[in-house]
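Working notes for the structure below.
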Amino acid sequence: MNEELLNLLCQHDDIKGRFIYSPLISDWSDPISQMSFIQDLQKALHNGDFLDLYAHIPFCKELCTFCGCNVKITSQKEVANHFVQNLIQEWKGYSPLLPQNQIRSLTLGGGTPTFLEPETLNLLIQEIDPSQKLWKQIEIDPRSTTQEHFKILKSHKFNRINVGIQDMNNDVMTNVNRYQSPERIAEIFNWAKEYEIPEVFVDLIFGLPGQTQESLSASTKQLLEFSPDFINLYPLVHVPWLSDTQKAYGHFETPKTREKWQLYLTARSLLLEKGYESLGYGHFIHPKAKSYQAIKKGVVSRQLMGILPFKPAPYLGLGPGSLSWSGHMMKQNEKVTEKYLHLVQNGLSTHSKSHLQSNLEVERTQAFQNLFAKQKLQLNSKWITDEKISELGIELMKVIANEISAEQKET
């Protein structure tokens, strides 16, 4: 294990944020109207930008106690069916105002998009992409995904599935209320092959209660037998508002800082040994992936909907809690599902927070994207003098420079 890299990771453990956009939602302070956002988005598309769509399906049958996503726990399928009708209604409010030939992708996330019954999922996709021209991806939960779902995905020419595996160890996953058998996971990969899904991404989490270097090593090796195209190796996110629930479901003592990063380096080492290449931020791609060449050439964007094999562009979020960005303006939809539905049903604006970015904030957002795509960064001198970014920005640059240096020494 690279001791120098481990020490750097521990030193900079609490950097904050995902560094996708600027500023963080907690710092949004310049409200904008729904019409102003649409007009700014129309201007961007008129000037040649493309648009990426994200639809948030919040439903989960059970609570995974490690999860901090915006979810709605229910087992009632009719609730989800009603929700989709309203999501389609929200989309129909935007669709006539946007040039359809500028829309390039659709991401279905959650929650659990495959909580939807196959026919409901089919309806949603048909309404948003009737011509089947969009590049499409979907997050799936192995426990709720059926062969019928895969038939729908193939019929709509989906380009990618993102499988939420998190860990292959039964004891670790049972403890966080997300048991999924290895046989079920194998079935998902078999269906992906049978129904010709071009790319399979998977999510792994390090730092889960009960994980050890030995157990995570075994889980990673077991997962690698399925040869996924891309692996997201994410740290466990601290969600203090769920602490009582976490303790009620099982033992929830998380690892100490050094132990956590030892887990990361254990999995990372195995991925590199198997030919995966690190893109930074915990993302690992295999050269066999369909999007490998585009990504390696820097034709890639790292957005809230994941890694897209396109250059960065504005995005529009549908559903509760989803984020949108026009290029200069940001907004977030109402997070509470019931309130969101009320707004849609009454023809009201769904956004609850918004922000007009300053020129400097736009530059930072672009810099985050360029750093990921090009693996290099041109610093604007204003970053160093701006009081909101000075300390955090300088620390971020130190981490990036030191980790790149450490990785180069290791290889």
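Residue names in the structure tokens use chain letters A, B, ... in the order shown, residue numbers from 1 in each chain, and ligand numbers from 1 in the order shown.
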List the spatial neighbours of segment 119-130 of chain A as an mmCIF file with C-alpha atoms, in the first residue's frame - criterion: any atom at most 9 Å away, only C-alpha atoms, same-chain residues fewer than 2 positions off excluded.
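Final output, saved to out_31.cif:
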```
data_model
loop_
_atom_site.group_PDB
_atom_site.id
_atom_site.type_symbol
_atom_site.label_atom_id
_atom_site.label_comp_id
_atom_site.auth_asym_id
_atom_site.auth_seq_id
_atom_site.Cartn_x
_atom_site.Cartn_y
_atom_site.Cartn_z
ATOM 1 C CA ALA A 80 -45.486 5.531 -8.364
ATOM 2 C CA ASN A 81 -47.849 5.254 -11.333
ATOM 3 C CA VAL A 84 -45.087 9.322 -13.296
ATOM 4 C CA GLN A 85 -48.178 11.009 -14.735
ATOM 5 C CA LEU A 87 -43.538 13.879 -13.954
ATOM 6 C CA ILE A 88 -44.717 13.669 -17.563
ATOM 7 C CA TRP A 91 -41.904 17.644 -18.787
ATOM 8 C CA LYS A 92 -44.752 18.753 -21.065
ATOM 9 C CA SER A 95 -40.954 20.476 -23.961
ATOM 10 C CA LEU A 106 -31.747 11.201 -20.649
ATOM 11 C CA PRO A 113 -36.245 3.871 -11.295
ATOM 12 C CA THR A 114 -36.836 0.115 -11.572
ATOM 13 C CA PHE A 115 -39.329 0.386 -8.709
ATOM 14 C CA LEU A 116 -41.664 1.421 -11.524
ATOM 15 C CA GLU A 117 -43.625 -1.353 -13.166
ATOM 16 C CA GLN A 132 -35.566 7.089 -29.554
ATOM 17 C CA LYS A 133 -32.796 9.481 -30.532
ATOM 18 C CA LEU A 134 -31.456 10.274 -27.055
ATOM 19 C CA GLU A 148 -39.269 -7.372 -18.204
ATOM 20 C CA HIS A 149 -37.429 -4.182 -17.268
ATOM 21 C CA ILE A 152 -38.064 -2.291 -22.037
ATOM 22 C CA LEU A 153 -34.494 -0.972 -21.887
ATOM 23 C CA HIS A 156 -35.723 1.919 -26.139
#
```
Between segment 94-195 of chain A and segment 210-228 of chain A, at 8 Å or less, what are the per-residue closest atom pairs and their distances in Å? Count only C-alpha atoms, order by chain and rising residue number, and return it as a tab-separated table.
```
residue	atom	partner	partner_atom	distance
A:Asp167	CA	A:Ser219	CA	6.2
A:Met168	CA	A:Ser219	CA	4.9
A:Asn169	CA	A:Ser219	CA	6.1
A:Asp171	CA	A:Gly210	CA	7.9
A:Val172	CA	A:Gly210	CA	5.7
A:Ala186	CA	A:Phe226	CA	7.5
A:Phe189	CA	A:Phe226	CA	6.9
```
Next, dump the selected residues to file, keeping only C-alpha atoms, as a tab-separated table (two decimals), in the first residue's frame.
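Wrote it out as part36.tsv, contents follow:
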```
chain	number	residue	atom	x	y	z
A	167	ASP	CA	-20.72	-4.44	-1.54
A	168	MET	CA	-20.92	-8.16	-2.30
A	169	ASN	CA	-20.66	-9.25	1.33
A	171	ASP	CA	-23.30	-9.57	6.32
A	172	VAL	CA	-22.23	-6.03	5.43
A	186	ALA	CA	-25.09	-12.44	-11.54
A	189	PHE	CA	-25.13	-9.07	-15.57
```
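Between Tyr54 of chain A and the residues A:Lys193, A:Arg258, A:Arg104, A:Lys353, the shortest atom-to-atom distance, using only C-alpha atoms, involves A:Arg104.
Going from atom CA of Gly298 of chain A to atom CA of Lys311 of chain A covers 7.9 Å.
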Checklist entry - segment 104-324 of chain A: which residues are strand (DSSP E or B) by DSSP, as an MDAnalysis selection string? => result chainID A and resid 104:110 135:140 160:166 199:206 230:235 277:280 283:285 301:303 306:308 315:318 323:324
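Taking atom CA of Lys339 of chain A and atom CA of Phe83 of chain A as endpoints, the distance between them is 11.8 Å.
Shell of segment 280-287 of chain A at 8 Å, with only C-alpha atoms counted and residues fewer than 4 places along the chain excluded, is Pro228, Asp229, Phe230, Ile231, Asn232, Leu233, Tyr234, Leu271, Gly275, Tyr276, Tyr292, Gln293 and Phe372 of chain A.
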Next on the checklist: Set the distance at 7 Å and use only C-alpha atoms: which residues neighbour Phe206 of chain A once local chain neighbours fewer than 3 positions away are removed? I'd like the list as a list of chain:residue names.
Outcome noted: A:Tyr234, A:Pro235, A:Leu236, A:Lys260, A:Leu263, A:Tyr264
For C-alpha atoms, I'd like the residues from the last selection saved as a PDB file, in the first residue's frame.
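What landed in part35.pdb:
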```
ATOM      1  CA  TYR A 234     -17.498   6.079  -3.438  1.00  0.00           C
ATOM      2  CA  PRO A 235     -16.864   6.835   0.239  1.00  0.00           C
ATOM      3  CA  LEU A 236     -19.695   6.380   2.710  1.00  0.00           C
ATOM      4  CA  LYS A 260     -11.455   4.195   5.743  1.00  0.00           C
ATOM      5  CA  LEU A 263     -10.230   0.350   2.445  1.00  0.00           C
ATOM      6  CA  TYR A 264     -10.201   2.659  -0.571  1.00  0.00           C
TER       7      TYR A 264
END
```
Next on the checklist: Under the rule that only C-alpha atoms are counted, which of A:Leu265, A:Ala313, A:Ile57, A:Leu8 is the nearest residue to His328 of chain A?
Outcome noted: A:Ala313
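With only C-alpha atoms taken into account, the protein and nucleic acid residues at most 10 Å from Gly319 of chain A (excluding it and anything under 5 positions from it in its own chain) are A:Tyr54, A:Ala55, A:His56, A:Ile57, A:Pro58, A:Phe83, A:Val84, A:Asn86, A:Leu87, A:Ile88, A:Glu90, A:Trp91, A:Gly109, A:Gly110, A:Gln332, A:Asn333, A:Glu334, A:Lys335, A:Val336, A:Thr337, A:Tyr340, A:Leu341, A:Val344, A:Thr350, A:His351.
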Next on the checklist: Using only C-alpha atoms for the distances, tell me which of A:Lys77, A:Thr65, A:Ala367, A:Glu338 is nearest to His251 of chain A.
Outcome noted: A:Thr65
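For the choices A:His12, A:Ser33, A:Gln102, A:Pro96, the atom-to-atom distance to Gly48 of chain A is smallest for A:Gln102 when using only C-alpha atoms.
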Checklist entry - Could you pull out all residues of segment 93-265 of chain A with a DSSP call of helix (DSSP H, G or I) and give them as a ChimeraX atom specification? => result /A:93-97,100-102,113-115,118-128,147-155,170-175,182-194,213-224,240-249,257-265
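As for atom CA of Ile138 of chain A and atom CA of Leu45 of chain A, they are spaced 24.5 Å apart.
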